[in-house]
$ cat upload-v3.cif   # mmCIF, C-alpha atoms
data_structure
#
loop_
_atom_site.group_PDB
_atom_site.id
_atom_site.type_symbol
_atom_site.label_atom_id
_atom_site.label_comp_id
_atom_site.auth_asym_id
_atom_site.auth_seq_id
_atom_site.Cartn_x
_atom_site.Cartn_y
_atom_site.Cartn_z
ATOM 1 C CA MET V 1 89.390 77.114 29.888
ATOM 2 C CA ASP V 2 91.044 79.623 27.603
ATOM 3 C CA ASP V 3 94.358 80.450 29.236
ATOM 4 C CA PRO V 4 96.999 80.822 26.548
ATOM 5 C CA LEU V 5 100.690 81.489 27.094
ATOM 6 C CA VAL V 6 101.536 84.698 25.214
ATOM 7 C CA ILE V 7 105.124 85.398 24.170
ATOM 8 C CA ALA V 8 105.827 88.499 22.076
ATOM 9 C CA GLY V 9 102.199 88.573 20.933
ATOM 10 C CA ARG V 10 102.063 84.891 19.959
ATOM 11 C CA GLU V 11 99.685 82.547 21.704
ATOM 12 C CA PHE V 12 100.477 79.001 22.748
ATOM 13 C CA ARG V 13 97.982 76.603 24.294
ATOM 14 C CA SER V 14 100.728 74.442 25.792
ATOM 15 C CA ARG V 15 102.806 75.820 28.658
ATOM 16 C CA LEU V 16 105.445 73.138 28.241
ATOM 17 C CA VAL V 17 108.416 74.103 26.082
ATOM 18 C CA MET V 18 110.513 71.093 25.175
ATOM 19 C CA GLY V 19 114.130 70.573 24.193
ATOM 20 C CA THR V 20 115.283 67.927 21.745
ATOM 21 C CA GLY V 21 118.675 67.064 23.275
ATOM 22 C CA GLY V 22 119.434 63.711 24.820
ATOM 23 C CA ALA V 23 116.885 61.540 23.000
ATOM 24 C CA ALA V 24 118.228 58.154 21.926
ATOM 25 C CA ASN V 25 116.840 58.593 18.406
ATOM 26 C CA LEU V 26 114.284 60.562 16.436
ATOM 27 C CA ALA V 27 111.530 57.971 16.859
ATOM 28 C CA VAL V 28 111.776 58.169 20.655
ATOM 29 C CA LEU V 29 111.898 61.960 20.428
ATOM 30 C CA GLU V 30 108.801 62.048 18.235
ATOM 31 C CA ARG V 31 106.729 59.980 20.658
ATOM 32 C CA ALA V 32 107.870 62.128 23.576
ATOM 33 C CA LEU V 33 107.105 65.407 21.796
ATOM 34 C CA VAL V 34 103.625 64.240 20.833
ATOM 35 C CA ALA V 35 102.911 63.046 24.388
ATOM 36 C CA SER V 36 104.122 66.361 25.825
ATOM 37 C CA GLY V 37 101.656 68.401 23.779
ATOM 38 C CA THR V 38 104.373 71.021 23.242
ATOM 39 C CA GLU V 39 104.043 73.686 20.554
ATOM 40 C CA LEU V 40 107.517 75.217 20.919
ATOM 41 C CA THR V 41 110.745 73.195 21.061
ATOM 42 C CA THR V 42 114.422 74.076 21.073
ATOM 43 C CA VAL V 43 117.103 72.988 18.626
ATOM 44 C CA ALA V 44 120.846 73.666 18.722
ATOM 45 C CA MET V 45 123.136 75.034 16.008
ATOM 46 C CA ARG V 46 126.216 72.968 15.140
ATOM 47 C CA ARG V 47 128.809 72.733 12.393
ATOM 48 C CA ALA V 48 127.148 71.057 9.421
ATOM 49 C CA ASP V 49 129.891 68.439 9.033
ATOM 50 C CA ALA V 50 129.955 67.429 12.697
ATOM 51 C CA GLY V 51 127.157 64.903 12.166
ATOM 52 C CA GLY V 52 124.604 63.654 14.642
ATOM 53 C CA GLY V 53 121.142 64.834 15.536
ATOM 54 C CA THR V 54 120.130 66.087 12.121
ATOM 55 C CA GLY V 55 116.648 65.551 10.763
ATOM 56 C CA VAL V 56 115.173 67.267 13.791
ATOM 57 C CA LEU V 57 113.865 70.252 11.791
ATOM 58 C CA GLU V 58 111.933 67.969 9.445
ATOM 59 C CA LEU V 59 110.478 66.179 12.452
ATOM 60 C CA LEU V 60 109.296 69.404 14.089
ATOM 61 C CA ARG V 61 107.843 70.644 10.825
ATOM 62 C CA ARG V 62 105.921 67.393 10.363
ATOM 63 C CA LEU V 63 104.540 67.606 13.912
ATOM 64 C CA GLY V 64 103.599 71.275 13.520
ATOM 65 C CA ILE V 65 105.908 72.306 16.386
ATOM 66 C CA GLU V 66 107.690 75.655 16.226
ATOM 67 C CA ALA V 67 111.506 75.317 16.294
ATOM 68 C CA LEU V 68 113.261 77.639 18.751
ATOM 69 C CA PRO V 69 117.002 77.792 18.020
ATOM 70 C CA ASN V 70 119.349 78.176 20.977
ATOM 71 C CA THR V 71 122.895 79.447 21.326
ATOM 72 C CA ALA V 72 124.032 76.643 23.615
ATOM 73 C CA GLY V 73 127.773 76.145 23.709
ATOM 74 C CA CYS V 74 128.543 79.844 23.267
ATOM 75 C CA ARG V 75 130.899 81.318 25.850
ATOM 76 C CA THR V 76 130.909 84.974 24.829
ATOM 77 C CA ALA V 77 128.370 87.560 23.704
ATOM 78 C CA ALA V 78 130.049 87.771 20.306
ATOM 79 C CA GLU V 79 129.712 84.014 19.739
ATOM 80 C CA ALA V 80 126.096 84.027 20.852
ATOM 81 C CA VAL V 81 125.167 86.964 18.608
ATOM 82 C CA LEU V 82 126.742 85.323 15.559
ATOM 83 C CA THR V 83 125.074 81.988 16.337
ATOM 84 C CA ALA V 84 121.691 83.706 16.705
ATOM 85 C CA ARG V 85 122.153 85.447 13.361
ATOM 86 C CA LEU V 86 123.109 82.150 11.700
ATOM 87 C CA ALA V 87 120.065 80.481 13.234
ATOM 88 C CA ARG V 88 117.845 83.257 11.897
ATOM 89 C CA GLU V 89 119.280 82.702 8.428
ATOM 90 C CA ALA V 90 119.083 78.898 8.614
ATOM 91 C CA LEU V 91 115.640 78.562 10.193
ATOM 92 C CA GLY V 92 113.946 81.750 9.061
ATOM 93 C CA THR V 93 112.957 82.773 12.595
ATOM 94 C CA ASN V 94 113.936 85.826 14.615
ATOM 95 C CA TRP V 95 113.202 84.025 17.890
ATOM 96 C CA VAL V 96 116.205 82.824 19.858
ATOM 97 C CA LYS V 97 116.779 81.088 23.162
ATOM 98 C CA LEU V 98 119.855 82.968 24.307
ATOM 99 C CA GLU V 99 122.377 80.914 26.258
ATOM 100 C CA VAL V 100 125.881 82.016 27.219
ATOM 101 C CA HIS V 101 127.573 79.448 29.418
ATOM 102 C CA ALA V 102 130.333 80.424 31.815
ATOM 103 C CA ASP V 103 132.009 77.003 31.912
ATOM 104 C CA GLU V 104 131.461 73.381 30.941
ATOM 105 C CA ARG V 105 131.288 72.042 34.473
ATOM 106 C CA THR V 106 128.266 74.039 35.674
ATOM 107 C CA LEU V 107 126.865 75.409 32.390
ATOM 108 C CA LEU V 108 125.737 78.391 34.481
ATOM 109 C CA PRO V 109 124.850 81.553 32.569
ATOM 110 C CA ASP V 110 127.588 84.197 32.386
ATOM 111 C CA PRO V 111 125.561 87.245 33.439
ATOM 112 C CA VAL V 112 127.909 89.860 31.964
ATOM 113 C CA GLU V 113 128.096 88.238 28.534
ATOM 114 C CA LEU V 114 124.378 87.420 28.670
ATOM 115 C CA LEU V 115 123.324 91.041 29.190
ATOM 116 C CA ASP V 116 125.662 92.214 26.450
ATOM 117 C CA ALA V 117 124.342 89.625 23.975
ATOM 118 C CA ALA V 118 120.707 90.288 24.919
ATOM 119 C CA GLU V 119 121.086 94.002 24.275
ATOM 120 C CA ARG V 120 122.713 93.466 20.885
ATOM 121 C CA LEU V 121 120.114 90.910 19.778
ATOM 122 C CA VAL V 122 117.136 93.010 20.899
ATOM 123 C CA ASP V 123 118.628 95.947 18.975
ATOM 124 C CA ASP V 124 118.968 93.650 15.951
ATOM 125 C CA GLY V 125 115.247 92.831 16.008
ATOM 126 C CA PHE V 126 115.353 89.427 17.689
ATOM 127 C CA VAL V 127 112.701 88.056 20.032
ATOM 128 C CA VAL V 128 115.071 87.099 22.841
ATOM 129 C CA LEU V 129 114.278 84.370 25.375
ATOM 130 C CA PRO V 130 117.279 84.377 27.720
ATOM 131 C CA TYR V 131 118.354 81.447 29.886
ATOM 132 C CA THR V 132 119.406 83.129 33.117
ATOM 133 C CA SER V 133 120.378 82.354 36.682
ATOM 134 C CA ASP V 134 117.704 82.640 39.391
ATOM 135 C CA ASP V 135 118.860 86.164 40.277
ATOM 136 C CA PRO V 136 115.862 88.546 40.469
ATOM 137 C CA VAL V 137 118.047 91.567 39.721
ATOM 138 C CA LEU V 138 119.495 90.030 36.575
ATOM 139 C CA ALA V 139 116.016 88.945 35.479
ATOM 140 C CA ARG V 140 114.832 92.521 35.868
ATOM 141 C CA ARG V 141 117.754 93.846 33.852
ATOM 142 C CA LEU V 142 117.020 91.389 31.031
ATOM 143 C CA GLU V 143 113.384 92.446 30.963
ATOM 144 C CA ASP V 144 114.365 96.126 30.948
ATOM 145 C CA LEU V 145 116.573 95.466 27.894
ATOM 146 C CA GLY V 146 113.506 94.257 26.007
ATOM 147 C CA CYS V 147 113.712 90.480 26.326
ATOM 148 C CA ALA V 148 110.425 88.705 25.516
ATOM 149 C CA THR V 149 110.667 86.357 28.513
ATOM 150 C CA VAL V 150 113.023 85.621 31.352
ATOM 151 C CA MET V 151 113.997 81.989 31.826
ATOM 152 C CA PRO V 152 115.622 81.355 35.211
ATOM 153 C CA LEU V 153 117.135 77.999 36.052
ATOM 154 C CA GLY V 154 115.769 75.867 38.857
ATOM 155 C CA SER V 155 119.204 74.223 39.131
ATOM 156 C CA PRO V 156 122.030 73.613 36.631
ATOM 157 C CA ILE V 157 121.219 72.084 33.226
ATOM 158 C CA GLY V 158 120.777 68.335 33.243
ATOM 159 C CA THR V 159 121.166 67.903 37.005
ATOM 160 C CA GLY V 160 117.541 67.099 37.782
ATOM 161 C CA LEU V 161 118.023 68.831 41.148
ATOM 162 C CA GLY V 162 114.712 70.652 40.862
ATOM 163 C CA ILE V 163 114.118 74.199 42.091
ATOM 164 C CA ARG V 164 116.850 74.964 44.613
ATOM 165 C CA ASN V 165 115.693 78.457 45.486
ATOM 166 C CA PRO V 166 111.910 78.669 45.153
ATOM 167 C CA HIS V 167 111.828 82.064 46.848
ATOM 168 C CA ASN V 168 114.030 83.582 44.139
ATOM 169 C CA ILE V 169 111.687 82.211 41.467
ATOM 170 C CA GLU V 170 108.757 83.810 43.324
ATOM 171 C CA LEU V 171 110.631 87.112 43.538
ATOM 172 C CA ILE V 172 111.288 87.024 39.791
ATOM 173 C CA VAL V 173 107.630 86.212 39.076
ATOM 174 C CA ALA V 174 106.406 88.968 41.415
ATOM 175 C CA ARG V 175 108.301 91.684 39.549
ATOM 176 C CA ALA V 176 108.204 90.463 35.965
ATOM 177 C CA SER V 177 105.751 91.732 33.388
ATOM 178 C CA VAL V 178 106.977 89.303 30.715
ATOM 179 C CA PRO V 179 106.422 85.522 30.997
ATOM 180 C CA VAL V 180 108.775 83.743 33.398
ATOM 181 C CA ILE V 181 109.713 80.296 32.088
ATOM 182 C CA LEU V 182 111.477 77.902 34.418
ATOM 183 C CA ASP V 183 114.351 76.587 32.340
ATOM 184 C CA ALA V 184 116.671 73.803 33.543
ATOM 185 C CA GLY V 185 116.909 71.587 36.561
ATOM 186 C CA VAL V 186 113.551 69.832 36.353
ATOM 187 C CA GLY V 187 114.000 66.185 37.338
ATOM 188 C CA THR V 188 110.487 64.888 37.664
ATOM 189 C CA ALA V 189 106.851 65.920 37.433
ATOM 190 C CA SER V 190 106.610 67.519 40.896
ATOM 191 C CA ASP V 191 109.389 69.976 39.950
ATOM 192 C CA ALA V 192 107.391 71.137 36.932
ATOM 193 C CA ALA V 193 104.215 71.436 39.001
ATOM 194 C CA LEU V 194 106.077 73.459 41.652
ATOM 195 C CA ALA V 195 107.391 75.864 39.015
ATOM 196 C CA MET V 196 103.845 76.559 37.876
ATOM 197 C CA GLU V 197 102.550 76.829 41.454
ATOM 198 C CA LEU V 198 105.237 79.449 42.132
ATOM 199 C CA GLY V 199 103.751 81.488 39.296
ATOM 200 C CA CYS V 200 105.924 80.641 36.314
ATOM 201 C CA SER V 201 104.121 81.015 32.990
ATOM 202 C CA ALA V 202 105.696 77.909 31.488
ATOM 203 C CA VAL V 203 108.367 75.252 31.975
ATOM 204 C CA LEU V 204 111.183 74.382 29.566
ATOM 205 C CA LEU V 205 112.748 70.955 29.925
ATOM 206 C CA ALA V 206 114.508 68.292 27.922
ATOM 207 C CA THR V 207 116.729 65.912 29.883
ATOM 208 C CA ALA V 208 114.059 64.957 32.416
ATOM 209 C CA VAL V 209 112.041 63.533 29.534
ATOM 210 C CA THR V 210 114.578 62.471 26.923
ATOM 211 C CA ARG V 211 116.789 60.592 29.396
ATOM 212 C CA ALA V 212 113.958 59.119 31.462
ATOM 213 C CA GLN V 213 113.597 55.339 31.249
ATOM 214 C CA ASP V 214 110.317 55.843 29.383
ATOM 215 C CA PRO V 215 110.497 59.262 27.685
ATOM 216 C CA GLU V 216 106.982 59.103 26.251
ATOM 217 C CA ARG V 217 105.415 58.365 29.626
ATOM 218 C CA MET V 218 107.503 61.046 31.360
ATOM 219 C CA ALA V 219 106.491 63.572 28.697
ATOM 220 C CA SER V 220 102.883 62.776 29.478
ATOM 221 C CA ALA V 221 103.610 63.203 33.200
ATOM 222 C CA MET V 222 105.197 66.605 32.580
ATOM 223 C CA ARG V 223 102.235 67.728 30.521
ATOM 224 C CA GLY V 224 99.893 66.812 33.359
ATOM 225 C CA ALA V 225 102.150 68.395 35.976
ATOM 226 C CA VAL V 226 102.361 71.718 34.132
ATOM 227 C CA GLU V 227 98.594 71.787 33.688
ATOM 228 C CA ALA V 228 97.970 70.836 37.337
ATOM 229 C CA GLY V 229 100.452 73.407 38.629
ATOM 230 C CA ARG V 230 98.911 76.124 36.490
ATOM 231 C CA LEU V 231 95.407 75.289 37.700
ATOM 232 C CA ALA V 232 96.564 75.260 41.324
ATOM 233 C CA ARG V 233 98.214 78.660 40.890
ATOM 234 C CA LEU V 234 95.054 80.137 39.371
ATOM 235 C CA ALA V 235 92.866 78.461 41.995
ATOM 236 C CA GLY V 236 94.790 80.073 44.864
ATOM 237 C CA ARG V 237 96.207 77.709 47.445
ATOM 238 C CA ILE V 238 95.294 77.820 51.148
ATOM 239 C CA PRO V 239 97.766 79.481 53.478
ATOM 240 C CA GLN V 240 100.090 77.134 55.336
ATOM 241 C CA ARG V 241 99.252 76.831 59.054
ATOM 242 C CA PHE V 242 101.245 75.652 62.040
ATOM 243 C CA TRP V 243 98.336 73.997 63.897
ATOM 244 C CA ALA V 244 95.701 71.665 62.623
ATOM 245 C CA GLN V 245 92.357 73.021 61.521
ATOM 246 C CA ALA V 246 89.538 70.485 61.630
ATOM 247 C CA SER V 247 87.782 69.841 58.395
ATOM 248 C CA SER V 248 84.994 67.836 60.034
ATOM 249 C CA PRO V 249 82.561 69.223 62.601
ATOM 250 C CA ALA V 250 83.051 68.015 66.192
ATOM 251 C CA LEU V 251 80.561 65.326 67.383
ATOM 252 C CA ASP V 252 79.009 67.234 70.271
ATOM 253 C CA ARG V 253 78.085 70.451 68.428
ATOM 254 C CA MET F 254 144.556 78.468 -1.903
ATOM 255 C CA LYS F 255 143.840 77.643 1.703
ATOM 256 C CA ALA F 256 140.878 78.588 3.869
ATOM 257 C CA LYS F 257 139.514 77.370 7.168
ATOM 258 C CA VAL F 258 136.203 75.524 6.879
ATOM 259 C CA ASN F 259 134.501 74.689 10.174
ATOM 260 C CA GLY F 260 137.843 74.908 11.950
ATOM 261 C CA ARG F 261 139.764 72.721 9.471
ATOM 262 C CA VAL F 262 142.236 74.106 6.948
ATOM 263 C CA ARG F 263 141.187 73.042 3.457
ATOM 264 C CA GLU F 264 142.693 73.451 0.018
ATOM 265 C CA LEU F 265 140.176 75.261 -2.188
ATOM 266 C CA ALA F 266 140.266 76.037 -5.901
ATOM 267 C CA GLU F 267 141.013 79.620 -6.884
ATOM 268 C CA GLY F 268 137.798 81.607 -7.067
ATOM 269 C CA ALA F 269 135.954 79.298 -4.684
ATOM 270 C CA THR F 270 132.739 80.806 -3.385
ATOM 271 C CA VAL F 271 130.644 80.201 -0.302
ATOM 272 C CA ALA F 272 128.374 78.039 -2.480
ATOM 273 C CA THR F 273 131.410 75.915 -3.454
ATOM 274 C CA VAL F 274 132.259 75.326 0.188
ATOM 275 C CA VAL F 275 128.694 74.337 1.126
ATOM 276 C CA ALA F 276 128.645 71.865 -1.783
ATOM 277 C CA LEU F 277 132.059 70.537 -0.680
ATOM 278 C CA LEU F 278 130.678 69.612 2.747
ATOM 279 C CA GLY F 279 127.940 67.582 1.085
ATOM 280 C CA THR F 280 125.249 68.776 3.469
ATOM 281 C CA PRO F 281 121.755 69.451 2.201
ATOM 282 C CA PRO F 282 121.640 73.234 1.760
ATOM 283 C CA SER F 283 118.223 73.683 3.384
ATOM 284 C CA GLY F 284 118.373 74.647 7.046
ATOM 285 C CA VAL F 285 122.027 75.672 6.695
ATOM 286 C CA ALA F 286 123.616 79.071 7.326
ATOM 287 C CA VAL F 287 127.087 80.360 6.581
ATOM 288 C CA ALA F 288 129.381 82.913 8.194
ATOM 289 C CA LEU F 289 132.507 84.222 6.495
ATOM 290 C CA ASP F 290 135.035 85.800 8.851
ATOM 291 C CA GLY F 291 132.385 86.296 11.512
ATOM 292 C CA GLU F 292 129.672 87.794 9.317
ATOM 293 C CA VAL F 293 126.564 85.981 8.083
ATOM 294 C CA VAL F 294 126.478 85.510 4.314
ATOM 295 C CA PRO F 295 122.803 85.493 3.203
ATOM 296 C CA ARG F 296 121.853 82.526 1.050
ATOM 297 C CA ALA F 297 121.198 84.800 -1.937
ATOM 298 C CA ALA F 298 124.838 85.904 -1.839
ATOM 299 C CA TRP F 299 126.467 82.451 -1.603
ATOM 300 C CA ASP F 300 127.174 82.235 -5.338
ATOM 301 C CA SER F 301 128.665 85.706 -5.577
ATOM 302 C CA THR F 302 130.738 85.707 -2.379
ATOM 303 C CA ALA F 303 134.330 84.596 -2.935
ATOM 304 C CA VAL F 304 136.241 82.973 -0.097
ATOM 305 C CA PRO F 305 139.490 84.878 0.369
ATOM 306 C CA GLU F 306 142.867 83.208 1.008
ATOM 307 C CA GLY F 307 143.042 82.451 4.730
ATOM 308 C CA GLY F 308 139.334 83.158 5.192
ATOM 309 C CA ALA F 309 137.335 81.385 7.889
ATOM 310 C CA VAL F 310 134.047 79.825 6.816
ATOM 311 C CA GLU F 311 131.553 78.407 9.312
ATOM 312 C CA VAL F 312 128.695 76.284 7.987
ATOM 313 C CA LEU F 313 126.051 75.588 10.635
ATOM 314 C CA THR F 314 122.858 73.586 10.743
ATOM 315 C CA ALA F 315 120.187 72.814 13.325
ATOM 316 C CA VAL F 316 120.602 69.618 15.353
ATOM 317 C CA GLN F 317 118.970 68.072 18.423
ATOM 318 C CA GLY F 318 119.755 70.121 21.491
ATOM 319 C CA GLY F 319 118.514 72.208 24.352
#

$ encode --input "upload-v3.cif" --output "structure tokens"
Amino acid sequence: MDDPLVIAGREFRSRLVMGTGGAANLAVLERALVASGTELTTVAMRRADAGGGTGVLELLRRLGIEALPNTAGCRTAAEAVLTARLAREALGTNWVKLEVHADERTLLPDPVELLDAAERLVDDGFVVLPYTSDDPVLARRLEDLGCATVMPLGSPIGTGLGIRNPHNIELIVARASVPVILDAGVGTASDAALAMELGCSAVLLATAVTRAQDPERMASAMRGAVEAGRLARLAGRIPQRFWAQASSPALDR
Amino acid sequence: MKAKVNGRVRELAEGATVATVVALLGTPPSGVAVALDGEVVPRAAWDSTAVPEGGAVEVLTAVQGG
């Protein structure tokens, strides 16, 4: 079935966007990425002399996976805009996963700084994929600014708490005309399937795979879950009913 | 002269350029980007951009994350 994910005019066959954070080493990460079938994967920008986690760009290049730089760790719009511009220079891409975190404890998006940064980056010619809270109004505002996707959280980054407010995700999906990508909070395969059943166009996750006991196997599970959830969404589920409805004919008729 | 490189004050030779600073850090220059006082310095301008006294240089690269 030909059902590509389209972001800013680019087609992807996989609806699973991966992150690279949290993997024990590059070999483990490589096996997980291959098992996930992902075609688009995030990387972070850090000071070049801070060490740790380098070599990831070469890995992605070798696997034919597109690198999507993020602005994780930025606390203000100004920081995020500069980081995005540095990423564009370093990686040669104008795509950016925009993240502006309000504080270290929750890593929740700061909506005021996020909107400001999104506007400046769209004006500067970036394809902006913003990590946002599950607020339908904020999602709408980001889309109106010209963002290429909206990426609401299911729950805070790294918590594995799943989708805490499925109705909000449905509200965002119902009004959006750009792809909605569930970003953050996925703990296990059923969370990813639920996101797709709710109508999300894709799922972005890292921790649930990279910190699983067997990252490669979990990556495979996530791939299957995203595909199953997408198929179920397209197939159209039955309405939920209060009373039973027999699926076998009664004996005496 | 002194300048701040990735948050650390460093003693640099007079006339040091952005290219000098990148070489000083010993990182492979591919996949690296530089900002001087909050503005991106394109790679093509590294050799010709002098680091001023008290300037702040940030040298970033892509790492695992997200």

$ interface_residues --input "upload-v3.cif" --of "chain F" --to "chain V" --cutoff "12 Å" --atoms "only C-alpha atoms" --output "ChimeraX atom specification"
/F:258-261,274-297,310-319

$ closest_residue --input "upload-v3.cif" --among "V:Val100, V:Leu231, V:Val128, V:Leu142" --to "Ala8 of chain V" --atoms "all atoms listed in the file"
V:Val128

$ residues_around --input "upload-v3.cif" --residues "Gly268 of chain F" --least-positions-apart "5" --cutoff "10 Å" --atoms "all atoms listed in the file" --output "list in words"
Met254, Thr273, Thr302, Ala303, Val304, Pro305 and Glu306 of chain F

$ write_last_selection --input "upload-v3.cif" --atoms "C-alpha atoms" --output "mmCIF file, in the coordinates of the input"
data_model
loop_
_atom_site.group_PDB
_atom_site.id
_atom_site.type_symbol
_atom_site.label_atom_id
_atom_site.label_comp_id
_atom_site.auth_asym_id
_atom_site.auth_seq_id
_atom_site.Cartn_x
_atom_site.Cartn_y
_atom_site.Cartn_z
ATOM 1 C CA MET F 254 144.556 78.468 -1.903
ATOM 2 C CA THR F 273 131.410 75.915 -3.454
ATOM 3 C CA THR F 302 130.738 85.707 -2.379
ATOM 4 C CA ALA F 303 134.330 84.596 -2.935
ATOM 5 C CA VAL F 304 136.241 82.973 -0.097
ATOM 6 C CA PRO F 305 139.490 84.878 0.369
ATOM 7 C CA GLU F 306 142.867 83.208 1.008
#

$ closest_residue --input "upload-v3.cif" --among "V:Ser177, V:Gln213, V:Gln240, V:Ser190" --to "Ile163 of chain V" --atoms "only C-alpha atoms"
V:Ser190

$ residues_near_point --input "upload-v3.cif" --point "(123.2, 69.5, 35.9)" --cutoff "12 Å" --atoms "only C-alpha atoms" --output "number ranges by chain"
V: 104-108, 153-163, 183-187, 206-208

$ decode --input "upload-v3.cif" --residues "segment 259-281 of chain F" --atoms "N, CA and C atoms" --output "CSV table (one decimal), in the first residue's frame"
chain,number,residue,atom,x,y,z
F,259,ASN,N,33.9,28.3,23.8
F,259,ASN,CA,32.9,27.4,24.4
F,259,ASN,C,32.8,27.6,25.9
F,260,GLY,N,32.7,28.8,26.3
F,260,GLY,CA,32.5,29.2,27.7
F,260,GLY,C,33.8,29.2,28.6
F,261,ARG,N,34.9,28.9,28.0
F,261,ARG,CA,36.2,28.9,28.8
F,261,ARG,C,37.1,30.1,28.3
F,262,VAL,N,37.6,30.9,29.2
F,262,VAL,CA,38.5,31.9,28.7
F,262,VAL,C,39.8,31.3,28.3
F,263,ARG,N,40.3,31.7,27.1
F,263,ARG,CA,41.5,31.1,26.6
F,263,ARG,C,42.4,32.2,26.1
F,264,GLU,N,43.7,32.0,26.2
F,264,GLU,CA,44.7,32.9,25.7
F,264,GLU,C,45.0,32.6,24.3
F,265,LEU,N,44.7,33.6,23.4
F,265,LEU,CA,44.9,33.3,21.9
F,265,LEU,C,46.0,34.3,21.4
F,266,ALA,N,46.7,33.8,20.4
F,266,ALA,CA,47.7,34.7,19.8
F,266,ALA,C,47.0,35.9,19.1
F,267,GLU,N,47.8,37.0,19.0
F,267,GLU,CA,47.3,38.1,18.3
F,267,GLU,C,46.9,37.7,16.9
F,268,GLY,N,45.8,38.2,16.4
F,268,GLY,CA,45.4,37.9,15.0
F,268,GLY,C,44.8,36.6,14.8
F,269,ALA,N,44.5,35.9,15.9
F,269,ALA,CA,43.8,34.6,15.8
F,269,ALA,C,42.5,34.7,15.1
F,270,THR,N,42.2,33.8,14.2
F,270,THR,CA,41.0,33.7,13.5
F,270,THR,C,40.1,32.6,14.0
F,271,VAL,N,38.9,32.6,13.4
F,271,VAL,CA,38.0,31.5,13.8
F,271,VAL,C,38.6,30.2,13.4
F,272,ALA,N,39.3,30.1,12.3
F,272,ALA,CA,39.9,28.9,11.8
F,272,ALA,C,41.0,28.4,12.9
F,273,THR,N,41.7,29.4,13.4
F,273,THR,CA,42.7,29.1,14.5
F,273,THR,C,42.0,28.4,15.7
F,274,VAL,N,40.9,28.9,16.1
F,274,VAL,CA,40.2,28.4,17.2
F,274,VAL,C,39.7,27.0,17.0
F,275,VAL,N,39.1,26.8,15.8
F,275,VAL,CA,38.6,25.4,15.5
F,275,VAL,C,39.8,24.4,15.5
F,276,ALA,N,40.9,24.8,15.0
F,276,ALA,CA,42.1,24.0,15.0
F,276,ALA,C,42.6,23.7,16.4
F,277,LEU,N,42.5,24.7,17.2
F,277,LEU,CA,42.9,24.6,18.6
F,277,LEU,C,42.2,23.6,19.4
F,278,LEU,N,40.9,23.5,19.1
F,278,LEU,CA,40.0,22.5,19.8
F,278,LEU,C,40.3,21.1,19.3
F,279,GLY,N,41.0,20.9,18.2
F,279,GLY,CA,41.3,19.6,17.7
F,279,GLY,C,40.2,18.7,17.2
F,280,THR,N,39.0,19.4,16.9
F,280,THR,CA,37.9,18.6,16.4
F,280,THR,C,38.0,18.5,14.9
F,281,PRO,N,37.5,17.4,14.4
F,281,PRO,CA,37.5,17.4,12.9
F,281,PRO,C,36.5,18.4,12.4
